[in-house]
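What follows is the content of data14.cif, which has mmCIF, C-alpha atoms:
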```cif
data_target
#
loop_
_atom_site.group_PDB
_atom_site.id
_atom_site.type_symbol
_atom_site.label_atom_id
_atom_site.label_comp_id
_atom_site.auth_asym_id
_atom_site.auth_seq_id
_atom_site.Cartn_x
_atom_site.Cartn_y
_atom_site.Cartn_z
ATOM 1 C CA MET A 1 -16.487 166.313 100.569
ATOM 2 C CA GLY A 2 -15.852 169.711 99.043
ATOM 3 C CA GLY A 3 -18.485 171.849 97.415
ATOM 4 C CA THR A 4 -19.346 171.506 93.778
ATOM 5 C CA LYS A 5 -16.896 173.411 91.616
ATOM 6 C CA VAL A 6 -18.581 175.649 89.056
ATOM 7 C CA ALA A 7 -16.973 175.470 85.639
ATOM 8 C CA LEU A 8 -15.259 178.658 84.558
ATOM 9 C CA ASP A 9 -16.426 179.867 81.162
ATOM 10 C CA ARG A 10 -16.501 183.168 79.327
ATOM 11 C CA GLN A 11 -20.110 183.918 80.257
ATOM 12 C CA ARG A 12 -19.407 183.492 83.966
ATOM 13 C CA ILE A 13 -16.259 185.617 83.748
ATOM 14 C CA VAL A 14 -18.095 188.467 82.012
ATOM 15 C CA ALA A 15 -21.028 188.329 84.435
ATOM 16 C CA GLU A 16 -18.618 188.589 87.367
ATOM 17 C CA ALA A 17 -16.769 191.419 85.599
ATOM 18 C CA VAL A 18 -20.030 193.373 85.280
ATOM 19 C CA ALA A 19 -20.674 192.776 88.994
ATOM 20 C CA LEU A 20 -17.178 194.093 89.730
ATOM 21 C CA LEU A 21 -17.874 197.146 87.573
ATOM 22 C CA ASP A 22 -21.070 197.789 89.529
ATOM 23 C CA ALA A 23 -19.191 197.480 92.810
ATOM 24 C CA GLU A 24 -16.043 199.447 92.070
ATOM 25 C CA GLY A 25 -16.392 201.274 88.753
ATOM 26 C CA LEU A 26 -14.172 200.827 85.723
ATOM 27 C CA ASP A 27 -10.957 201.702 87.553
ATOM 28 C CA GLY A 28 -11.638 198.832 89.936
ATOM 29 C CA VAL A 29 -11.986 196.260 87.164
ATOM 30 C CA THR A 30 -8.642 194.488 87.144
ATOM 31 C CA THR A 31 -7.778 190.932 86.223
ATOM 32 C CA ARG A 32 -6.375 190.434 89.713
ATOM 33 C CA LYS A 33 -9.611 191.443 91.426
ATOM 34 C CA LEU A 34 -11.723 189.546 88.916
ATOM 35 C CA ALA A 35 -9.677 186.387 89.368
ATOM 36 C CA ALA A 36 -10.001 186.699 93.147
ATOM 37 C CA ARG A 37 -13.789 186.973 92.892
ATOM 38 C CA LEU A 38 -13.847 183.865 90.712
ATOM 39 C CA GLY A 39 -11.440 181.941 92.931
ATOM 40 C CA VAL A 40 -8.825 181.423 90.225
ATOM 41 C CA GLN A 41 -5.397 182.734 89.264
ATOM 42 C CA SER A 42 -5.185 185.649 86.808
ATOM 43 C CA PRO A 43 -3.540 183.612 83.997
ATOM 44 C CA THR A 44 -6.630 181.373 83.932
ATOM 45 C CA LEU A 45 -8.701 184.281 82.653
ATOM 46 C CA TYR A 46 -6.473 184.713 79.613
ATOM 47 C CA TRP A 47 -7.740 181.472 78.113
ATOM 48 C CA HIS A 48 -11.082 183.218 77.678
ATOM 49 C CA LEU A 49 -10.163 186.919 77.450
ATOM 50 C CA PRO A 50 -6.554 187.514 76.358
ATOM 51 C CA ASN A 51 -6.127 191.048 77.709
ATOM 52 C CA LYS A 52 -7.787 193.983 79.510
ATOM 53 C CA ALA A 53 -9.067 195.434 76.222
ATOM 54 C CA ALA A 54 -10.891 192.198 75.429
ATOM 55 C CA LEU A 55 -12.377 192.186 78.934
ATOM 56 C CA VAL A 56 -13.640 195.762 78.657
ATOM 57 C CA THR A 57 -15.154 195.033 75.246
ATOM 58 C CA ALA A 58 -16.910 191.975 76.647
ATOM 59 C CA ILE A 59 -18.303 194.085 79.495
ATOM 60 C CA ALA A 60 -19.505 196.652 76.943
ATOM 61 C CA ASP A 61 -21.374 193.983 74.999
ATOM 62 C CA ALA A 62 -22.879 192.600 78.191
ATOM 63 C CA ILE A 63 -24.281 195.922 79.414
ATOM 64 C CA LEU A 64 -25.619 196.790 75.953
ATOM 65 C CA ASP A 65 -27.215 193.356 75.583
ATOM 66 C CA GLN A 66 -29.207 193.959 78.761
ATOM 67 C CA GLU A 67 -31.038 196.841 77.090
ATOM 68 C CA PHE A 68 -30.950 195.753 73.469
ATOM 69 C CA THR A 69 -32.473 192.308 73.785
ATOM 70 C CA ASP A 70 -34.435 193.121 70.665
ATOM 71 C CA MET A 71 -33.830 195.584 67.856
ATOM 72 C CA ALA A 72 -36.078 196.276 64.914
ATOM 73 C CA PRO A 73 -36.419 198.962 62.258
ATOM 74 C CA PRO A 74 -39.234 201.492 62.601
ATOM 75 C CA ASP A 75 -42.742 200.860 61.395
ATOM 76 C CA PRO A 76 -43.311 202.270 57.899
ATOM 77 C CA GLU A 77 -45.356 205.200 59.211
ATOM 78 C CA GLN A 78 -42.921 206.143 62.000
ATOM 79 C CA PRO A 79 -40.583 209.053 61.195
ATOM 80 C CA TRP A 80 -36.972 207.942 61.258
ATOM 81 C CA GLN A 81 -36.125 210.916 63.460
ATOM 82 C CA ASP A 82 -38.429 209.672 66.241
ATOM 83 C CA TRP A 83 -37.145 206.123 65.892
ATOM 84 C CA LEU A 84 -33.505 207.192 66.007
ATOM 85 C CA GLY A 85 -34.197 209.320 69.065
ATOM 86 C CA GLY A 86 -35.724 206.311 70.778
ATOM 87 C CA LEU A 87 -32.681 204.227 69.918
ATOM 88 C CA ALA A 88 -30.420 206.865 71.448
ATOM 89 C CA GLY A 89 -32.591 206.916 74.549
ATOM 90 C CA ARG A 90 -32.140 203.170 74.932
ATOM 91 C CA LEU A 91 -28.397 203.561 74.537
ATOM 92 C CA ARG A 92 -28.364 206.164 77.294
ATOM 93 C CA ARG A 93 -30.386 203.911 79.593
ATOM 94 C CA ALA A 94 -27.958 201.046 78.987
ATOM 95 C CA LEU A 95 -24.978 203.207 79.921
ATOM 96 C CA LEU A 96 -26.606 204.777 82.963
ATOM 97 C CA ALA A 97 -27.539 201.343 84.316
ATOM 98 C CA HIS A 98 -23.918 200.755 85.342
ATOM 99 C CA PRO A 99 -21.218 202.961 86.897
ATOM 100 C CA ASP A 100 -18.871 204.266 84.219
ATOM 101 C CA GLY A 101 -21.045 202.725 81.516
ATOM 102 C CA ALA A 102 -20.111 205.445 79.048
ATOM 103 C CA ARG A 103 -16.410 205.015 79.805
ATOM 104 C CA VAL A 104 -16.738 201.295 79.151
ATOM 105 C CA ILE A 105 -18.329 201.870 75.750
ATOM 106 C CA SER A 106 -15.742 204.510 74.878
ATOM 107 C CA ALA A 107 -12.899 202.127 75.732
ATOM 108 C CA ALA A 108 -14.408 199.091 73.997
ATOM 109 C CA GLN A 109 -12.778 197.851 70.813
ATOM 110 C CA LEU A 110 -15.120 196.589 68.096
ATOM 111 C CA SER A 111 -18.114 195.951 70.339
ATOM 112 C CA ARG A 112 -20.341 193.543 68.427
ATOM 113 C CA THR A 113 -23.520 194.947 69.976
ATOM 114 C CA MET A 114 -22.558 198.554 69.263
ATOM 115 C CA ALA A 115 -21.791 197.507 65.703
ATOM 116 C CA ALA A 116 -25.225 195.890 65.425
ATOM 117 C CA ILE A 117 -26.885 199.087 66.670
ATOM 118 C CA SER A 118 -24.952 201.146 64.128
ATOM 119 C CA GLU A 119 -25.754 198.716 61.313
ATOM 120 C CA LEU A 120 -29.469 198.817 62.059
ATOM 121 C CA ALA A 121 -29.520 202.607 62.360
ATOM 122 C CA MET A 122 -27.553 203.246 59.179
ATOM 123 C CA SER A 123 -29.448 200.686 57.109
ATOM 124 C CA THR A 124 -32.731 202.159 58.334
ATOM 125 C CA LEU A 125 -31.752 205.655 57.226
ATOM 126 C CA VAL A 126 -30.517 204.384 53.882
ATOM 127 C CA ALA A 127 -33.833 202.561 53.399
ATOM 128 C CA ARG A 128 -35.569 205.916 53.983
ATOM 129 C CA GLY A 129 -33.628 207.452 51.091
ATOM 130 C CA ILE A 130 -30.753 209.080 52.964
ATOM 131 C CA PRO A 131 -27.396 208.710 51.161
ATOM 132 C CA LEU A 132 -25.042 206.236 52.812
ATOM 133 C CA ARG A 133 -22.378 208.800 53.697
ATOM 134 C CA GLN A 134 -24.920 211.113 55.283
ATOM 135 C CA ALA A 135 -26.558 208.206 57.116
ATOM 136 C CA ARG A 136 -23.213 207.277 58.637
ATOM 137 C CA VAL A 137 -22.544 210.857 59.742
ATOM 138 C CA ILE A 138 -25.998 211.178 61.323
ATOM 139 C CA VAL A 139 -25.761 207.901 63.218
ATOM 140 C CA LEU A 140 -22.195 208.535 64.341
ATOM 141 C CA THR A 141 -23.117 212.008 65.568
ATOM 142 C CA VAL A 142 -26.119 210.740 67.534
ATOM 143 C CA GLU A 143 -24.123 207.890 69.068
ATOM 144 C CA ARG A 144 -21.200 210.085 70.041
ATOM 145 C CA PHE A 145 -23.481 212.775 71.435
ATOM 146 C CA THR A 146 -25.244 210.161 73.568
ATOM 147 C CA VAL A 147 -22.047 208.611 74.911
ATOM 148 C CA GLY A 148 -20.533 212.048 75.553
ATOM 149 C CA HIS A 149 -23.668 213.216 77.331
ATOM 150 C CA VAL A 150 -23.590 210.197 79.634
ATOM 151 C CA LEU A 151 -19.855 210.635 80.230
ATOM 152 C CA GLU A 152 -20.678 214.025 81.700
ATOM 153 C CA GLU A 153 -23.652 212.665 83.636
ATOM 154 C CA GLN A 154 -21.476 209.968 85.199
ATOM 155 C CA ALA A 155 -18.453 212.171 85.870
ATOM 156 C CA PRO A 156 -17.538 212.567 89.570
ATOM 157 C CA ARG A 157 -19.088 215.631 91.142
ATOM 158 C CA PRO A 158 -16.889 218.159 92.993
ATOM 159 C CA ASP A 159 -16.364 217.210 96.608
ATOM 160 C CA THR A 160 -16.714 219.583 99.521
ATOM 161 C CA ASP A 161 -13.049 220.545 99.499
ATOM 162 C CA ALA A 162 -13.163 221.416 95.816
ATOM 163 C CA LEU A 163 -16.062 223.792 96.451
ATOM 164 C CA LYS A 164 -14.359 225.652 99.260
ATOM 165 C CA GLY A 165 -14.022 229.276 98.350
ATOM 166 C CA PHE A 166 -16.670 229.098 95.642
ATOM 167 C CA ASP A 167 -18.820 232.207 95.783
ATOM 168 C CA LEU A 168 -22.149 231.670 94.026
ATOM 169 C CA ALA A 169 -23.051 235.351 94.142
ATOM 170 C CA THR A 170 -19.816 236.344 92.416
ATOM 171 C CA PHE A 171 -20.187 233.539 89.877
ATOM 172 C CA THR A 172 -23.747 234.676 89.120
ATOM 173 C CA GLU A 173 -22.608 238.263 88.693
ATOM 174 C CA GLN A 174 -19.893 237.179 86.255
ATOM 175 C CA HIS A 175 -22.123 234.753 84.317
ATOM 176 C CA PRO A 176 -25.673 236.100 84.605
ATOM 177 C CA THR A 177 -27.030 234.620 81.373
ATOM 178 C CA LEU A 178 -25.629 231.176 82.107
ATOM 179 C CA VAL A 179 -27.123 231.062 85.600
ATOM 180 C CA ALA A 180 -30.442 232.468 84.396
ATOM 181 C CA ALA A 181 -30.633 229.867 81.625
ATOM 182 C CA ILE A 182 -29.989 226.987 84.028
ATOM 183 C CA THR A 183 -32.535 228.317 86.505
ATOM 184 C CA ASP A 184 -35.109 228.904 83.791
ATOM 185 C CA TYR A 185 -34.686 225.463 82.235
ATOM 186 C CA PHE A 186 -34.901 223.410 85.409
ATOM 187 C CA GLN A 187 -38.338 224.529 86.466
ATOM 188 C CA PRO A 188 -40.190 222.159 88.820
ATOM 189 C CA GLY A 189 -40.876 218.882 87.058
ATOM 190 C CA ARG A 190 -38.118 219.242 84.488
ATOM 191 C CA THR A 191 -35.278 216.745 84.798
ATOM 192 C CA VAL A 192 -31.969 215.770 83.246
ATOM 193 C CA ASP A 193 -33.945 213.328 81.101
ATOM 194 C CA ASP A 194 -35.714 216.296 79.529
ATOM 195 C CA LEU A 195 -32.377 217.993 78.951
ATOM 196 C CA PHE A 196 -31.015 214.966 77.127
ATOM 197 C CA GLY A 197 -34.154 214.726 74.998
ATOM 198 C CA ASP A 198 -34.139 218.410 74.086
ATOM 199 C CA CYS A 199 -30.441 218.374 73.160
ATOM 200 C CA LEU A 200 -30.935 215.190 71.151
ATOM 201 C CA ASP A 201 -33.823 216.795 69.264
ATOM 202 C CA VAL A 202 -31.507 219.624 68.235
ATOM 203 C CA VAL A 203 -28.922 217.130 66.950
ATOM 204 C CA ILE A 204 -31.397 215.030 64.995
ATOM 205 C CA SER A 205 -33.532 217.891 63.662
ATOM 206 C CA GLY A 206 -30.374 219.623 62.466
ATOM 207 C CA ALA A 207 -29.316 216.491 60.636
ATOM 208 C CA ALA A 208 -32.772 216.069 59.155
ATOM 209 C CA SER A 209 -32.934 219.640 57.874
ATOM 210 C CA LYS A 210 -29.509 219.323 56.298
ATOM 211 C CA THR A 211 -30.586 216.098 54.608
ATOM 212 C CA ALA A 212 -33.781 217.702 53.312
ATOM 213 C CA ALA A 213 -31.829 220.646 51.903
ATOM 214 C CA ARG A 214 -29.650 218.404 49.746
#
```

Now, as a test, write the supplied structure out as structure tokens.
Amino acid sequence: MGGTKVALDRQRIVAEAVALLDAEGLDGVTTRKLAARLGVQSPTLYWHLPNKAALVTAIADAILDQEFTDMAPPDPEQPWQDWLGGLAGRLRRALLAHPDGARVISAAQLSRTMAAISELAMSTLVARGIPLRQARVIVLTVERFTVGHVLEEQAPRPDTDALKGFDLATFTEQHPTLVAAITDYFQPGRTVDDLFGDCLDVVISGAASKTAAR
């Protein structure tokens, strides 16, 4: 007798797609490879996910759902700036948990989980007295900064061949302030997490001061 055949459903397809993403990155996520991992023909997948865009969006929801199992507005005494910063931090963690996570979110079309995050963030700011248009701009800016930051964090680093001929001494001589700033910032104990937090504080505090000035 043959082994028990596991029914193919959308949840299983998406779970296997996330595993494929983890193994090969976004460029390796193809319907052909996914179908092979599931032991089916590619056309079978289209009953559940009609095209590559739908697949990528489903992957985006899946990786966001892993981090955002629960979402709630801030406590009444918590400043919205701190709460929004925490939300952005969770978004970054969700993206960094998977190779090309930021690329997946950027390519997703109408992610339901991303929409839920935006809805909660905007409604929270509006409830704190921030005009709707300004709330949308603040949330959109924070979200796009976070995704863009992670895009850079996850970008491939130069390989050895690309660095051939690079002269650090000459580069330092030509860009002394840039090199000094990098060296000064990354003192022992300071990490890229600190850099994200400090940059995010600038984004949110700037938005808050502009809101207060209106």

Answer key for the PyMOL selection byres ((chain A and resi 70) around 12), residues as an mmCIF file with C-alpha atoms, keeping the file's coordinate frame:
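Everything below was put into expr_11.cif:
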```
data_model
loop_
_atom_site.group_PDB
_atom_site.id
_atom_site.type_symbol
_atom_site.label_atom_id
_atom_site.label_comp_id
_atom_site.auth_asym_id
_atom_site.auth_seq_id
_atom_site.Cartn_x
_atom_site.Cartn_y
_atom_site.Cartn_z
ATOM 1 C CA LEU A 64 -25.619 196.790 75.953
ATOM 2 C CA ASP A 65 -27.215 193.356 75.583
ATOM 3 C CA GLN A 66 -29.207 193.959 78.761
ATOM 4 C CA GLU A 67 -31.038 196.841 77.090
ATOM 5 C CA PHE A 68 -30.950 195.753 73.469
ATOM 6 C CA THR A 69 -32.473 192.308 73.785
ATOM 7 C CA MET A 71 -33.830 195.584 67.856
ATOM 8 C CA ALA A 72 -36.078 196.276 64.914
ATOM 9 C CA PRO A 73 -36.419 198.962 62.258
ATOM 10 C CA LEU A 87 -32.681 204.227 69.918
ATOM 11 C CA ARG A 90 -32.140 203.170 74.932
ATOM 12 C CA THR A 113 -23.520 194.947 69.976
ATOM 13 C CA ALA A 116 -25.225 195.890 65.425
ATOM 14 C CA ILE A 117 -26.885 199.087 66.670
ATOM 15 C CA LEU A 120 -29.469 198.817 62.059
#
```

> When you draw a straight line from atom CA of Leu21 of chain A to atom CA of Val104 of chain A, how long is it in Å?
Replying inline: 9.5 Å

> How many Å separate atom CA of Pro99 of chain A from atom CA of Ala62 of chain A?
Replying inline: 13.6 Å

>> What would the selection look like, as an NGL selection string, if the PyMOL selection byres ((chain A and resi 28-39) around 9) were run on the coordinates I just shared?
In response: :A and (8 or 12-13 or 16-18 or 20-21 or 23-27 or 40-45 or 51-52 or 55-56)

>> When you look at Ile130 of chain A with a cut-off of 12 Å (counting all atoms listed in the file), what residues show up, excluding the ones that are within fewer than 2 positions of it in the same chain? I need them as a list in words.
In response: Trp80, Gln81, Ala121, Met122, Ser123, Thr124, Leu125, Val126, Ala127, Arg128, Leu132, Arg133, Gln134, Ala135, Arg136, Val137, Ile138, Val139, Ala207, Ala208, Ser209, Lys210, Thr211, Ala212, Ala213 and Arg214 of chain A

Put those residues in a file: C-alpha atoms, as a PDB file, keeping the file's coordinate frame.
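Wrote it out as selection_33.pdb, contents follow:
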```
ATOM      1  CA  TRP A  80     -36.972 207.942  61.258  1.00  0.00           C
ATOM      2  CA  GLN A  81     -36.125 210.916  63.460  1.00  0.00           C
ATOM      3  CA  ALA A 121     -29.520 202.607  62.360  1.00  0.00           C
ATOM      4  CA  MET A 122     -27.553 203.246  59.179  1.00  0.00           C
ATOM      5  CA  SER A 123     -29.448 200.686  57.109  1.00  0.00           C
ATOM      6  CA  THR A 124     -32.731 202.159  58.334  1.00  0.00           C
ATOM      7  CA  LEU A 125     -31.752 205.655  57.226  1.00  0.00           C
ATOM      8  CA  VAL A 126     -30.517 204.384  53.882  1.00  0.00           C
ATOM      9  CA  ALA A 127     -33.833 202.561  53.399  1.00  0.00           C
ATOM     10  CA  ARG A 128     -35.569 205.916  53.983  1.00  0.00           C
ATOM     11  CA  LEU A 132     -25.042 206.236  52.812  1.00  0.00           C
ATOM     12  CA  ARG A 133     -22.378 208.800  53.697  1.00  0.00           C
ATOM     13  CA  GLN A 134     -24.920 211.113  55.283  1.00  0.00           C
ATOM     14  CA  ALA A 135     -26.558 208.206  57.116  1.00  0.00           C
ATOM     15  CA  ARG A 136     -23.213 207.277  58.637  1.00  0.00           C
ATOM     16  CA  VAL A 137     -22.544 210.857  59.742  1.00  0.00           C
ATOM     17  CA  ILE A 138     -25.998 211.178  61.323  1.00  0.00           C
ATOM     18  CA  VAL A 139     -25.761 207.901  63.218  1.00  0.00           C
ATOM     19  CA  ALA A 207     -29.316 216.491  60.636  1.00  0.00           C
ATOM     20  CA  ALA A 208     -32.772 216.069  59.155  1.00  0.00           C
ATOM     21  CA  SER A 209     -32.934 219.640  57.874  1.00  0.00           C
ATOM     22  CA  LYS A 210     -29.509 219.323  56.298  1.00  0.00           C
ATOM     23  CA  THR A 211     -30.586 216.098  54.608  1.00  0.00           C
ATOM     24  CA  ALA A 212     -33.781 217.702  53.312  1.00  0.00           C
ATOM     25  CA  ALA A 213     -31.829 220.646  51.903  1.00  0.00           C
ATOM     26  CA  ARG A 214     -29.650 218.404  49.746  1.00  0.00           C
TER      27      ARG A 214
END
```

> Could you write out as a VMD selection string the residues that the PyMOL selection byres ((chain A and resi 58) around 9) matches in the shown file?
Replying inline: chain A and resid 14 17 49 53 to 57 59 to 63 108 111

> Just how far from atom CA of Phe186 of chain A is atom CA of Gln174 of chain A, in Å to one decimal?
Replying inline: 20.4 Å

>> For a quick check of understanding, using all atoms listed in the file, which of A:Ala88, A:Leu168, A:Val147, A:Leu140 has the smallest distance to Ile105 of chain A?
In response: A:Val147

Could you please fill out segment 82-100 of chain A with N, CA and C atoms and send it back as a compact mmCIF listing (two decimals), in the coordinates of the input?
```
# COMPACT_ATOMS: atom_id res chain seq x y z
N ASP A 82 -37.90 210.14 64.96
CA ASP A 82 -38.43 209.67 66.24
C ASP A 82 -37.82 208.33 66.62
N TRP A 83 -37.70 207.45 65.64
CA TRP A 83 -37.15 206.12 65.89
C TRP A 83 -35.69 206.21 66.33
N LEU A 84 -34.92 207.05 65.66
CA LEU A 84 -33.51 207.19 66.01
C LEU A 84 -33.35 207.81 67.39
N GLY A 85 -34.22 208.74 67.72
CA GLY A 85 -34.20 209.32 69.06
C GLY A 85 -34.48 208.27 70.13
N GLY A 86 -35.42 207.39 69.84
CA GLY A 86 -35.72 206.31 70.78
C GLY A 86 -34.56 205.36 70.95
N LEU A 87 -33.86 205.10 69.86
CA LEU A 87 -32.68 204.23 69.92
C LEU A 87 -31.59 204.86 70.79
N ALA A 88 -31.40 206.15 70.63
CA ALA A 88 -30.42 206.86 71.45
C ALA A 88 -30.82 206.85 72.92
N GLY A 89 -32.10 206.98 73.17
CA GLY A 89 -32.59 206.92 74.55
C GLY A 89 -32.31 205.57 75.19
N ARG A 90 -32.45 204.51 74.42
CA ARG A 90 -32.14 203.17 74.93
C ARG A 90 -30.65 203.03 75.20
N LEU A 91 -29.84 203.60 74.33
CA LEU A 91 -28.40 203.56 74.54
C LEU A 91 -28.03 204.28 75.83
N ARG A 92 -28.63 205.42 76.05
CA ARG A 92 -28.36 206.16 77.29
C ARG A 92 -28.78 205.35 78.51
N ARG A 93 -29.94 204.73 78.46
CA ARG A 93 -30.39 203.91 79.59
C ARG A 93 -29.41 202.77 79.88
N ALA A 94 -28.91 202.15 78.82
CA ALA A 94 -27.96 201.05 78.99
C ALA A 94 -26.70 201.52 79.69
N LEU A 95 -26.21 202.69 79.33
CA LEU A 95 -24.98 203.21 79.92
C LEU A 95 -25.19 203.66 81.36
N LEU A 96 -26.33 204.28 81.62
CA LEU A 96 -26.61 204.78 82.96
C LEU A 96 -26.91 203.66 83.95
N ALA A 97 -27.20 202.47 83.44
CA ALA A 97 -27.54 201.34 84.32
C ALA A 97 -26.34 200.82 85.09
N HIS A 98 -25.14 201.24 84.69
CA HIS A 98 -23.92 200.76 85.34
C HIS A 98 -22.94 201.91 85.56
N PRO A 99 -22.24 201.92 86.69
CA PRO A 99 -21.22 202.96 86.90
C PRO A 99 -20.20 202.95 85.76
N ASP A 100 -19.87 204.13 85.28
CA ASP A 100 -18.87 204.27 84.22
C ASP A 100 -19.29 203.55 82.93
```
